[in-house]
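Student: Take this structure first; my questions come after.
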Amino acid sequence: NGKSNVTVTTAGTCGKATISPGNAVTGWTKYSGNIWSAPIAFTPVQVAISGAPMSKAHWPNSGWATSTSGMPSSDLSGANMVYLDNQSVAKMQALTSNSVSSAKPFYVEGKLWMLDTASEWAVQNGRLYIWTADGQSPEGRAWASPSANGINADNSSGITVNNIKIFAANNGISANTAKTLKVLNTDIVNSEMDGIWASGSTGLTVDQSSVTNSRRNGIDGWYSIVGAKVTNTTVSNSGTVGMTTPSDGGIFFGDGSDNL
């Protein structure tokens, strides 16, 4: 953050080094039925089993709710509500009480009582709860990440990120108002928000790279990115991890100029 002329790269020939703010989660015990539980020292924003992202526990299990009829619990404070503002826009808000508006189609996520389907997770009272896809223990294959970026290059200049993998971060690379950031031969996987967040940046270069499974946007310049060049790069599965979520696109440059 705020640095100039720094290169982040892999040393040696053993494959791409991986950067992640997350940790392996160990010490799993059976909680109930197919649900396993382990202690966790932070509040995760995402969880992966063997590298595959899981969904936050949610209600209803699919589609949008139009009322609270049939909701099995009224414990909602601290959950997130995602609602369909219109047919093109989904929005999210944190709930601070046990009430929810049903004026627009919605779903709620993040509470333990919502964990009733395979490939979901929830956290409560310092413990992580998971129902794996195969119903088996997550031991040795569970990874959880806090709300933290893989690389923070905000307000920086002349940074090069080359030949690495960034896994399970909030933003893979945060580059707010960065100048001449280069992302080369790099794989950014399982970002809770954006693979690359580059609002207000100038001269961003992304080449020979991939951005996969970003829950919001793949490469996000917001409304003020200038002089960006994205070439020879694959951006896939943006906004399609788990339930529908607020997402603008694989590559979202809402405004700015001279972008390729």
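Please note that chains go A, B, ... in the order of the structure tokens, that every chain numbers its residues from 1, and that ligands are numbered from 1 in the order shown.
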Name the residues in contact with A:Lys16 at a cut-off of 8 Å, using only C-alpha atoms, excluding same-chain residues fewer than 5 positions from it; report them as a list in words.
Tutor: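 The filter keeps Thr10, Asn163, Ile164 and Lys165 of chain A.
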Student: Excluding stretch 143-148 of chain A and residues on its chain fewer than 3 positions from it, collect all residues at most 6 Å away from it, counting only C-alpha atoms, and give them as a compact mmCIF listing (two decimals) with all heavy atoms, in the first residue's frame.
Tutor:
# COMPACT_ATOMS: atom_id res chain seq x y z
N GLY A 22 -6.04 -16.54 4.04
CA GLY A 22 -6.78 -17.54 4.79
C GLY A 22 -5.89 -18.54 5.51
O GLY A 22 -4.66 -18.47 5.48
N ASN A 23 -6.54 -19.49 6.14
CA ASN A 23 -5.86 -20.53 6.91
C ASN A 23 -6.57 -21.86 6.74
O ASN A 23 -7.80 -21.91 6.53
CB ASN A 23 -5.86 -20.19 8.40
CG ASN A 23 -5.06 -18.96 8.73
OD1 ASN A 23 -3.85 -19.00 8.81
ND2 ASN A 23 -5.75 -17.85 8.93
N ALA A 24 -5.80 -22.93 6.88
CA ALA A 24 -6.42 -24.24 7.01
C ALA A 24 -7.17 -24.30 8.33
O ALA A 24 -6.71 -23.75 9.34
CB ALA A 24 -5.36 -25.34 6.94
N VAL A 25 -8.32 -24.96 8.35
CA VAL A 25 -9.11 -25.12 9.57
C VAL A 25 -9.06 -26.59 9.96
O VAL A 25 -9.37 -27.48 9.16
CB VAL A 25 -10.57 -24.68 9.36
CG1 VAL A 25 -11.36 -24.83 10.65
CG2 VAL A 25 -10.63 -23.24 8.87
N PRO A 44 -14.99 -15.82 9.13
CA PRO A 44 -14.66 -15.99 7.71
C PRO A 44 -15.69 -15.34 6.82
O PRO A 44 -16.86 -15.19 7.18
CB PRO A 44 -14.67 -17.51 7.54
CG PRO A 44 -15.61 -18.01 8.58
CD PRO A 44 -15.49 -17.07 9.74
N VAL A 45 -15.25 -14.94 5.61
CA VAL A 45 -16.18 -14.47 4.59
C VAL A 45 -16.34 -15.50 3.49
O VAL A 45 -17.23 -15.39 2.65
CB VAL A 45 -15.73 -13.12 3.99
CG1 VAL A 45 -15.75 -12.03 5.05
CG2 VAL A 45 -14.35 -13.22 3.34
N GLN A 46 -15.45 -16.50 3.48
CA GLN A 46 -15.59 -17.58 2.52
C GLN A 46 -14.88 -18.82 3.02
O GLN A 46 -13.95 -18.75 3.84
CB GLN A 46 -15.07 -17.19 1.15
CG GLN A 46 -13.59 -16.84 1.10
CD GLN A 46 -13.10 -16.70 -0.31
OE1 GLN A 46 -13.25 -17.61 -1.13
NE2 GLN A 46 -12.51 -15.56 -0.63
N VAL A 47 -15.35 -19.96 2.51
CA VAL A 47 -14.81 -21.26 2.91
C VAL A 47 -14.69 -22.12 1.66
O VAL A 47 -15.56 -22.08 0.78
CB VAL A 47 -15.74 -21.95 3.94
CG1 VAL A 47 -15.27 -23.36 4.24
CG2 VAL A 47 -15.80 -21.13 5.22
N ALA A 48 -13.61 -22.88 1.59
CA ALA A 48 -13.41 -23.79 0.46
C ALA A 48 -13.06 -25.17 0.98
O ALA A 48 -12.38 -25.32 2.01
CB ALA A 48 -12.31 -23.29 -0.46
N ALA A 169 -9.15 -14.64 -1.29
CA ALA A 169 -9.01 -13.34 -0.65
C ALA A 169 -10.31 -12.56 -0.81
O ALA A 169 -11.19 -12.94 -1.57
CB ALA A 169 -7.85 -12.56 -1.26
N ASN A 170 -10.44 -11.45 -0.09
CA ASN A 170 -11.60 -10.59 -0.28
C ASN A 170 -11.54 -10.00 -1.69
O ASN A 170 -12.35 -10.34 -2.55
CB ASN A 170 -11.63 -9.49 0.78
CG ASN A 170 -12.92 -8.68 0.74
OD1 ASN A 170 -14.01 -9.24 0.66
ND2 ASN A 170 -12.79 -7.37 0.77
Student: Show which residues sit within 8 Å of stretch 194-196 of chain A, as a list in words. Count only C-alpha atoms, and ignore same-chain residues fewer than 3 positions away.
Tutor: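 My reading of the contact set: Asn170, Asn171, Gly172, Ile173, Ser174, Ala175, Ile188, Val189, Asn190, Ser191, Val211, Thr212, Ser214, Arg215, Arg216, Asn217, Gly218, Ile219 and Asp220 of chain A.
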Student: Write out as a list in words the residues lying within 6 Å of A:Gly221, counting only C-alpha atoms and excluding same-chain residues fewer than 2 positions away.
Tutor: Ala198, Ser199, Ile225 and Phe253 of chain A
Student: For the selection just defined, write its residues with C-alpha atoms to a file, as an mmCIF file, in the first residue's frame.
Tutor:
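Once everything was written out, this is part.cif:
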data_model
loop_
_atom_site.group_PDB
_atom_site.id
_atom_site.type_symbol
_atom_site.label_atom_id
_atom_site.label_comp_id
_atom_site.auth_asym_id
_atom_site.auth_seq_id
_atom_site.Cartn_x
_atom_site.Cartn_y
_atom_site.Cartn_z
ATOM 1 C CA ALA A 198 -8.861 -1.040 -9.547
ATOM 2 C CA SER A 199 -11.165 1.940 -9.043
ATOM 3 C CA ILE A 225 -10.384 3.616 -14.506
ATOM 4 C CA PHE A 253 -15.305 -0.590 -16.472
#
Student: Find the residues of stretch 52-94 of chain A that sit at most 8 Å from stretch 107-121 of chain A; for each, write down the nearest two atoms and how far apart they are in Å, to one decimal. Count only C-alpha atoms. Sort by chain, then by number going up, and give it as a tab-separated table.
Tutor:
residue	atom	partner	partner_atom	distance
A:Met54	CA	A:Ser119	CA	5.4
A:Ser55	CA	A:Glu120	CA	4.8
A:Lys56	CA	A:Trp121	CA	5.1
A:Ala57	CA	A:Leu115	CA	4.8
A:His58	CA	A:Glu109	CA	4.0
A:Trp59	CA	A:Val108	CA	5.5
A:Pro60	CA	A:Tyr107	CA	6.2
A:Asn61	CA	A:Thr117	CA	7.7
A:Gly63	CA	A:Tyr107	CA	7.9
A:Trp64	CA	A:Tyr107	CA	5.7
A:Ala65	CA	A:Tyr107	CA	5.9
A:Ser73	CA	A:Trp113	CA	7.2
A:Asp75	CA	A:Lys111	CA	7.9
A:Leu76	CA	A:Lys111	CA	7.4
A:Gly78	CA	A:Gly110	CA	7.9
A:Ala79	CA	A:Gly110	CA	5.2
A:Asn80	CA	A:Glu109	CA	5.4
A:Met81	CA	A:Val108	CA	4.4
A:Val82	CA	A:Tyr107	CA	5.5
A:Tyr83	CA	A:Tyr107	CA	6.5
Student: Those selected residues, please, written with N, CA, C and O atoms and delivered as a compact mmCIF listing (two decimals), in the first residue's frame.
Tutor:
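Listed below is the output, out_35.txt:
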# COMPACT_ATOMS: atom_id res chain seq x y z
N MET A 54 -17.51 -23.00 -1.17
CA MET A 54 -18.81 -23.44 -0.68
C MET A 54 -19.74 -22.23 -0.57
O MET A 54 -19.29 -21.08 -0.57
N SER A 55 -21.01 -22.50 -0.43
CA SER A 55 -22.00 -21.43 -0.28
C SER A 55 -22.25 -21.14 1.19
O SER A 55 -22.28 -22.06 2.01
N LYS A 56 -22.45 -19.87 1.52
CA LYS A 56 -22.95 -19.55 2.85
C LYS A 56 -24.34 -20.16 3.00
O LYS A 56 -25.14 -20.17 2.07
N ALA A 57 -24.61 -20.70 4.18
CA ALA A 57 -25.94 -21.25 4.43
C ALA A 57 -26.98 -20.16 4.19
O ALA A 57 -26.78 -18.99 4.57
N HIS A 58 -28.08 -20.54 3.55
CA HIS A 58 -29.06 -19.53 3.16
C HIS A 58 -30.48 -20.10 3.19
O HIS A 58 -30.69 -21.31 3.18
N TRP A 59 -31.44 -19.18 3.24
CA TRP A 59 -32.86 -19.52 3.15
C TRP A 59 -33.53 -18.55 2.21
O TRP A 59 -33.29 -17.35 2.30
N PRO A 60 -34.35 -19.02 1.26
CA PRO A 60 -34.64 -20.43 0.98
C PRO A 60 -33.47 -21.11 0.29
O PRO A 60 -32.50 -20.45 -0.09
N ASN A 61 -33.57 -22.42 0.10
CA ASN A 61 -32.47 -23.18 -0.48
C ASN A 61 -32.23 -22.84 -1.94
O ASN A 61 -31.11 -23.01 -2.45
N GLY A 63 -33.83 -20.13 -5.38
CA GLY A 63 -34.78 -19.11 -5.80
C GLY A 63 -34.88 -17.96 -4.81
O GLY A 63 -34.07 -17.80 -3.90
N TRP A 64 -35.92 -17.15 -4.99
CA TRP A 64 -36.15 -15.96 -4.17
C TRP A 64 -37.40 -16.16 -3.32
O TRP A 64 -38.38 -16.73 -3.77
N ALA A 65 -37.36 -15.68 -2.09
CA ALA A 65 -38.55 -15.66 -1.25
C ALA A 65 -39.33 -14.38 -1.51
O ALA A 65 -38.75 -13.34 -1.81
N SER A 73 -37.02 -20.04 11.25
CA SER A 73 -36.53 -19.33 12.43
C SER A 73 -36.64 -17.83 12.18
O SER A 73 -36.56 -17.36 11.04
N ASP A 75 -34.49 -15.83 13.83
CA ASP A 75 -33.15 -15.35 14.20
C ASP A 75 -32.45 -14.83 12.94
O ASP A 75 -31.89 -15.61 12.17
N LEU A 76 -32.48 -13.51 12.75
CA LEU A 76 -31.94 -12.92 11.52
C LEU A 76 -30.88 -11.86 11.78
O LEU A 76 -30.13 -11.51 10.87
N GLY A 78 -27.68 -10.01 12.20
CA GLY A 78 -26.32 -10.41 11.84
C GLY A 78 -26.24 -11.15 10.53
O GLY A 78 -25.14 -11.35 10.00
N ALA A 79 -27.38 -11.55 9.98
CA ALA A 79 -27.40 -12.20 8.67
C ALA A 79 -27.33 -11.14 7.57
O ALA A 79 -27.48 -9.94 7.81
N ASN A 80 -27.09 -11.57 6.34
CA ASN A 80 -27.18 -10.70 5.18
C ASN A 80 -28.48 -10.98 4.44
O ASN A 80 -28.91 -12.13 4.35
N MET A 81 -29.10 -9.93 3.93
CA MET A 81 -30.24 -10.09 3.05
C MET A 81 -29.83 -9.63 1.66
O MET A 81 -29.32 -8.53 1.48
N VAL A 82 -30.02 -10.49 0.67
CA VAL A 82 -29.80 -10.14 -0.73
C VAL A 82 -31.18 -10.03 -1.37
O VAL A 82 -32.01 -10.92 -1.22
N TYR A 83 -31.42 -8.93 -2.07
CA TYR A 83 -32.75 -8.75 -2.66
C TYR A 83 -32.63 -8.29 -4.10
O TYR A 83 -31.64 -7.67 -4.51
Student: Please provide the set of residues having any atom within 7 Å of A:Gly135, restricted to only C-alpha atoms, with same-chain residues fewer than 3 positions apart removed, written as a PyMOL selection string.
Tutor: chain A and resi 34+131-132
Student: Which one is closest to A:Thr68: A:Ser137, A:Thr205, A:Asn98, A:Ser20? Count only C-alpha atoms.
Tutor: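 Among A:Ser137, A:Thr205, A:Asn98, A:Ser20, it is A:Asn98 that comes nearest to A:Thr68.
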Student: Which value, in Å to one decimal, gives the distance between atom CA of A:Gly150 and atom CA of A:Ile19?
Tutor: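 Taking atom CA of A:Gly150 and atom CA of A:Ile19, their separation equals 6.2 Å.
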Student: Residues of stretch 114-223 of chain A in strand (DSSP E) according to DSSP, as a PDB file with N, CA, C and O atoms, in the first residue's frame?
Tutor:
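Dumped to states_11.pdb:
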ATOM      1  N   GLU A 120     -22.649 -26.275   2.120  1.00  0.00           N
ATOM      2  CA  GLU A 120     -22.911 -24.989   2.773  1.00  0.00           C
ATOM      3  C   GLU A 120     -22.084 -24.878   4.049  1.00  0.00           C
ATOM      4  O   GLU A 120     -21.620 -25.872   4.604  1.00  0.00           O
ATOM      5  N   TRP A 121     -21.945 -23.623   4.524  1.00  0.00           N
ATOM      6  CA  TRP A 121     -21.225 -23.376   5.768  1.00  0.00           C
ATOM      7  C   TRP A 121     -21.874 -22.221   6.527  1.00  0.00           C
ATOM      8  O   TRP A 121     -22.596 -21.399   5.959  1.00  0.00           O
ATOM      9  N   ALA A 122     -21.595 -22.182   7.824  1.00  0.00           N
ATOM     10  CA  ALA A 122     -22.038 -21.083   8.676  1.00  0.00           C
ATOM     11  C   ALA A 122     -21.061 -20.969   9.836  1.00  0.00           C
ATOM     12  O   ALA A 122     -20.307 -21.911  10.133  1.00  0.00           O
ATOM     13  N   VAL A 123     -21.069 -19.821  10.509  1.00  0.00           N
ATOM     14  CA  VAL A 123     -20.202 -19.635  11.671  1.00  0.00           C
ATOM     15  C   VAL A 123     -21.036 -19.098  12.823  1.00  0.00           C
ATOM     16  O   VAL A 123     -21.942 -18.280  12.617  1.00  0.00           O
ATOM     17  N   GLN A 124     -20.748 -19.591  14.031  1.00  0.00           N
ATOM     18  CA  GLN A 124     -21.491 -19.147  15.207  1.00  0.00           C
ATOM     19  C   GLN A 124     -20.644 -19.384  16.449  1.00  0.00           C
ATOM     20  O   GLN A 124     -20.080 -20.465  16.626  1.00  0.00           O
ATOM     21  N   ARG A 127     -17.140 -20.927  16.164  1.00  0.00           N
ATOM     22  CA  ARG A 127     -16.998 -22.230  15.523  1.00  0.00           C
ATOM     23  C   ARG A 127     -17.518 -22.159  14.089  1.00  0.00           C
ATOM     24  O   ARG A 127     -18.485 -21.448  13.789  1.00  0.00           O
ATOM     25  N   LEU A 128     -16.847 -22.897  13.219  1.00  0.00           N
ATOM     26  CA  LEU A 128     -17.242 -23.009  11.817  1.00  0.00           C
ATOM     27  C   LEU A 128     -17.982 -24.323  11.620  1.00  0.00           C
ATOM     28  O   LEU A 128     -17.534 -25.371  12.098  1.00  0.00           O
ATOM     29  N   TYR A 129     -19.110 -24.263  10.931  1.00  0.00           N
ATOM     30  CA  TYR A 129     -19.943 -25.434  10.677  1.00  0.00           C
ATOM     31  C   TYR A 129     -20.020 -25.678   9.176  1.00  0.00           C
ATOM     32  O   TYR A 129     -20.250 -24.740   8.401  1.00  0.00           O
ATOM     33  N   ILE A 130     -19.833 -26.932   8.781  1.00  0.00           N
ATOM     34  CA  ILE A 130     -19.787 -27.276   7.357  1.00  0.00           C
ATOM     35  C   ILE A 130     -20.542 -28.581   7.113  1.00  0.00           C
ATOM     36  O   ILE A 130     -20.441 -29.530   7.892  1.00  0.00           O
ATOM     37  N   TRP A 131     -21.274 -28.597   6.020  1.00  0.00           N
ATOM     38  CA  TRP A 131     -21.838 -29.843   5.480  1.00  0.00           C
ATOM     39  C   TRP A 131     -21.148 -30.053   4.140  1.00  0.00           C
ATOM     40  O   TRP A 131     -21.434 -29.385   3.171  1.00  0.00           O
ATOM     41  N   ALA A 142     -10.077 -28.270   4.472  1.00  0.00           N
ATOM     42  CA  ALA A 142     -10.882 -27.057   4.689  1.00  0.00           C
ATOM     43  C   ALA A 142      -9.997 -25.823   4.778  1.00  0.00           C
ATOM     44  O   ALA A 142      -8.950 -25.834   5.434  1.00  0.00           O
ATOM     45  N   TRP A 143     -10.416 -24.754   4.113  1.00  0.00           N
ATOM     46  CA  TRP A 143      -9.678 -23.491   4.092  1.00  0.00           C
ATOM     47  C   TRP A 143     -10.685 -22.360   4.279  1.00  0.00           C
ATOM     48  O   TRP A 143     -11.712 -22.327   3.609  1.00  0.00           O
ATOM     49  N   ALA A 144     -10.411 -21.457   5.203  1.00  0.00           N
ATOM     50  CA  ALA A 144     -11.314 -20.333   5.456  1.00  0.00           C
ATOM     51  C   ALA A 144     -10.534 -19.030   5.417  1.00  0.00           C
ATOM     52  O   ALA A 144      -9.359 -18.986   5.797  1.00  0.00           O
ATOM     53  N   SER A 145     -11.184 -17.975   4.949  1.00  0.00           N
ATOM     54  CA  SER A 145     -10.507 -16.691   4.780  1.00  0.00           C
ATOM     55  C   SER A 145     -11.289 -15.564   5.439  1.00  0.00           C
ATOM     56  O   SER A 145     -12.522 -15.519   5.338  1.00  0.00           O
ATOM     57  N   ILE A 151      -3.286  -9.108  -2.098  1.00  0.00           N
ATOM     58  CA  ILE A 151      -2.242  -8.084  -2.226  1.00  0.00           C
ATOM     59  C   ILE A 151      -2.918  -6.728  -2.141  1.00  0.00           C
ATOM     60  O   ILE A 151      -3.896  -6.467  -2.844  1.00  0.00           O
ATOM     61  N   ASN A 152      -2.427  -5.859  -1.277  1.00  0.00           N
ATOM     62  CA  ASN A 152      -2.939  -4.499  -1.186  1.00  0.00           C
ATOM     63  C   ASN A 152      -1.967  -3.571  -1.910  1.00  0.00           C
ATOM     64  O   ASN A 152      -0.884  -3.278  -1.407  1.00  0.00           O
ATOM     65  N   THR A 160       4.602  -4.695  -9.978  1.00  0.00           N
ATOM     66  CA  THR A 160       4.457  -5.823 -10.897  1.00  0.00           C
ATOM     67  C   THR A 160       4.151  -7.080 -10.100  1.00  0.00           C
ATOM     68  O   THR A 160       4.885  -7.425  -9.166  1.00  0.00           O
ATOM     69  N   VAL A 161       3.066  -7.753 -10.471  1.00  0.00           N
ATOM     70  CA  VAL A 161       2.706  -9.041  -9.883  1.00  0.00           C
ATOM     71  C   VAL A 161       2.838 -10.063 -10.999  1.00  0.00           C
ATOM     72  O   VAL A 161       2.115 -10.006 -11.995  1.00  0.00           O
ATOM     73  N   ASN A 162       3.764 -11.003 -10.847  1.00  0.00           N
ATOM     74  CA  ASN A 162       4.106 -11.887 -11.951  1.00  0.00           C
ATOM     75  C   ASN A 162       4.271 -13.329 -11.486  1.00  0.00           C
ATOM     76  O   ASN A 162       4.974 -13.612 -10.518  1.00  0.00           O
ATOM     77  N   ILE A 164       2.312 -15.766 -10.051  1.00  0.00           N
ATOM     78  CA  ILE A 164       1.876 -16.261  -8.756  1.00  0.00           C
ATOM     79  C   ILE A 164       0.397 -16.654  -8.838  1.00  0.00           C
ATOM     80  O   ILE A 164      -0.279 -16.406  -9.838  1.00  0.00           O
ATOM     81  N   LYS A 165      -0.099 -17.264  -7.779  1.00  0.00           N
ATOM     82  CA  LYS A 165      -1.519 -17.551  -7.615  1.00  0.00           C
ATOM     83  C   LYS A 165      -1.993 -16.841  -6.356  1.00  0.00           C
ATOM     84  O   LYS A 165      -1.320 -16.872  -5.326  1.00  0.00           O
ATOM     85  N   ILE A 166      -3.152 -16.200  -6.455  1.00  0.00           N
ATOM     86  CA  ILE A 166      -3.765 -15.558  -5.296  1.00  0.00           C
ATOM     87  C   ILE A 166      -5.075 -16.288  -5.025  1.00  0.00           C
ATOM     88  O   ILE A 166      -5.945 -16.364  -5.894  1.00  0.00           O
ATOM     89  N   PHE A 167      -5.213 -16.832  -3.825  1.00  0.00           N
ATOM     90  CA  PHE A 167      -6.321 -17.746  -3.530  1.00  0.00           C
ATOM     91  C   PHE A 167      -7.131 -17.266  -2.333  1.00  0.00           C
ATOM     92  O   PHE A 167      -6.572 -16.908  -1.292  1.00  0.00           O
ATOM     93  N   ILE A 173      -6.438  -8.707  -5.688  1.00  0.00           N
ATOM     94  CA  ILE A 173      -5.532  -7.562  -5.659  1.00  0.00           C
ATOM     95  C   ILE A 173      -6.388  -6.318  -5.497  1.00  0.00           C
ATOM     96  O   ILE A 173      -7.284  -6.062  -6.308  1.00  0.00           O
ATOM     97  N   SER A 174      -6.135  -5.540  -4.467  1.00  0.00           N
ATOM     98  CA  SER A 174      -6.792  -4.247  -4.310  1.00  0.00           C
ATOM     99  C   SER A 174      -5.842  -3.177  -4.827  1.00  0.00           C
ATOM    100  O   SER A 174      -4.722  -3.045  -4.335  1.00  0.00           O
ATOM    101  N   LYS A 182       1.046  -3.867 -13.025  1.00  0.00           N
ATOM    102  CA  LYS A 182       1.107  -4.936 -14.012  1.00  0.00           C
ATOM    103  C   LYS A 182       0.810  -6.273 -13.332  1.00  0.00           C
ATOM    104  O   LYS A 182       1.460  -6.623 -12.340  1.00  0.00           O
ATOM    105  N   VAL A 183      -0.169  -6.986 -13.880  1.00  0.00           N
ATOM    106  CA  VAL A 183      -0.512  -8.320 -13.393  1.00  0.00           C
ATOM    107  C   VAL A 183      -0.266  -9.280 -14.546  1.00  0.00           C
ATOM    108  O   VAL A 183      -0.996  -9.288 -15.537  1.00  0.00           O
ATOM    109  N   LEU A 184       0.782 -10.106 -14.433  1.00  0.00           N
ATOM    110  CA  LEU A 184       1.261 -10.928 -15.534  1.00  0.00           C
ATOM    111  C   LEU A 184       1.307 -12.393 -15.128  1.00  0.00           C
ATOM    112  O   LEU A 184       1.787 -12.732 -14.032  1.00  0.00           O
ATOM    113  N   ASP A 187      -2.764 -16.170 -11.593  1.00  0.00           N
ATOM    114  CA  ASP A 187      -4.089 -16.770 -11.439  1.00  0.00           C
ATOM    115  C   ASP A 187      -4.714 -16.266 -10.139  1.00  0.00           C
ATOM    116  O   ASP A 187      -4.121 -16.432  -9.062  1.00  0.00           O
ATOM    117  N   ILE A 188      -5.900 -15.686 -10.251  1.00  0.00           N
ATOM    118  CA  ILE A 188      -6.607 -15.164  -9.082  1.00  0.00           C
ATOM    119  C   ILE A 188      -7.896 -15.976  -8.931  1.00  0.00           C
ATOM    120  O   ILE A 188      -8.757 -15.949  -9.805  1.00  0.00           O
ATOM    121  N   VAL A 189      -8.011 -16.689  -7.810  1.00  0.00           N
ATOM    122  CA  VAL A 189      -9.062 -17.697  -7.657  1.00  0.00           C
ATOM    123  C   VAL A 189      -9.847 -17.459  -6.361  1.00  0.00           C
ATOM    124  O   VAL A 189      -9.266 -17.133  -5.322  1.00  0.00           O
ATOM    125  N   ILE A 196      -9.630  -8.369  -9.220  1.00  0.00           N
ATOM    126  CA  ILE A 196      -8.805  -7.150  -9.179  1.00  0.00           C
ATOM    127  C   ILE A 196      -9.750  -5.969  -8.985  1.00  0.00           C
ATOM    128  O   ILE A 196     -10.657  -5.743  -9.795  1.00  0.00           O
ATOM    129  N   TRP A 197      -9.567  -5.222  -7.919  1.00  0.00           N
ATOM    130  CA  TRP A 197     -10.330  -4.003  -7.658  1.00  0.00           C
ATOM    131  C   TRP A 197      -9.426  -2.826  -7.990  1.00  0.00           C
ATOM    132  O   TRP A 197      -8.406  -2.622  -7.359  1.00  0.00           O
ATOM    133  N   THR A 205      -2.256  -2.987 -16.371  1.00  0.00           N
ATOM    134  CA  THR A 205      -2.002  -3.988 -17.398  1.00  0.00           C
ATOM    135  C   THR A 205      -2.270  -5.368 -16.821  1.00  0.00           C
ATOM    136  O   THR A 205      -1.717  -5.721 -15.772  1.00  0.00           O
ATOM    137  N   VAL A 206      -3.120  -6.140 -17.484  1.00  0.00           N
ATOM    138  CA  VAL A 206      -3.356  -7.532 -17.105  1.00  0.00           C
ATOM    139  C   VAL A 206      -3.113  -8.376 -18.355  1.00  0.00           C
ATOM    140  O   VAL A 206      -3.775  -8.177 -19.376  1.00  0.00           O
ATOM    141  N   ASP A 207      -2.178  -9.320 -18.288  1.00  0.00           N
ATOM    142  CA  ASP A 207      -1.836 -10.109 -19.466  1.00  0.00           C
ATOM    143  C   ASP A 207      -1.495 -11.540 -19.064  1.00  0.00           C
ATOM    144  O   ASP A 207      -0.870 -11.771 -18.018  1.00  0.00           O
ATOM    145  N   SER A 210      -5.498 -15.247 -15.352  1.00  0.00           N
ATOM    146  CA  SER A 210      -6.862 -15.754 -15.234  1.00  0.00           C
ATOM    147  C   SER A 210      -7.468 -15.290 -13.921  1.00  0.00           C
ATOM    148  O   SER A 210      -6.770 -15.150 -12.902  1.00  0.00           O
ATOM    149  N   VAL A 211      -8.777 -15.027 -13.979  1.00  0.00           N
ATOM    150  CA  VAL A 211      -9.535 -14.633 -12.793  1.00  0.00           C
ATOM    151  C   VAL A 211     -10.771 -15.527 -12.748  1.00  0.00           C
ATOM    152  O   VAL A 211     -11.607 -15.493 -13.647  1.00  0.00           O
ATOM    153  N   THR A 212     -10.876 -16.340 -11.697  1.00  0.00           N
ATOM    154  CA  THR A 212     -11.914 -17.365 -11.638  1.00  0.00           C
ATOM    155  C   THR A 212     -12.649 -17.317 -10.296  1.00  0.00           C
ATOM    156  O   THR A 212     -12.030 -17.094  -9.246  1.00  0.00           O
ATOM    157  N   ILE A 219     -12.652  -8.320 -12.936  1.00  0.00           N
ATOM    158  CA  ILE A 219     -11.741  -7.163 -12.943  1.00  0.00           C
ATOM    159  C   ILE A 219     -12.631  -5.931 -12.887  1.00  0.00           C
ATOM    160  O   ILE A 219     -13.439  -5.690 -13.782  1.00  0.00           O
ATOM    161  N   ASP A 220     -12.484  -5.139 -11.846  1.00  0.00           N
ATOM    162  CA  ASP A 220     -13.440  -4.072 -11.547  1.00  0.00           C
ATOM    163  C   ASP A 220     -12.730  -2.719 -11.502  1.00  0.00           C
ATOM    164  O   ASP A 220     -11.979  -2.428 -10.579  1.00  0.00           O
ATOM    165  N   GLY A 221     -12.996  -1.904 -12.532  1.00  0.00           N
ATOM    166  CA  GLY A 221     -12.442  -0.555 -12.555  1.00  0.00           C
ATOM    167  C   GLY A 221     -13.421   0.495 -12.069  1.00  0.00           C
ATOM    168  O   GLY A 221     -13.111   1.676 -12.066  1.00  0.00           O
ATOM    169  N   TRP A 222     -14.623   0.030 -11.693  1.00  0.00           N
ATOM    170  CA  TRP A 222     -15.698   0.902 -11.226  1.00  0.00           C
ATOM    171  C   TRP A 222     -15.960   1.981 -12.274  1.00  0.00           C
ATOM    172  O   TRP A 222     -16.035   1.685 -13.462  1.00  0.00           O
TER     173      TRP A 222
END
Student: Smallest atom-to-atom distance to A:Pro53: which of A:Asp255, A:Ser156, A:Thr180, A:Arg141, using only C-alpha atoms?
Tutor: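 For A:Pro53, the nearest of the given residues is A:Arg141.
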Student: For the atom pair atom CA of A:Asp248 and atom CA of A:Val235, what is the interatomic distance in Å to one decimal place?
Tutor: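 That distance, rounded to one decimal, is 13.2 Å.
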Student: So how far away is atom CA of A:Asn213 from atom CA of A:Gly51, in Å?
Tutor: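 These atoms are spaced 10.9 Å apart.
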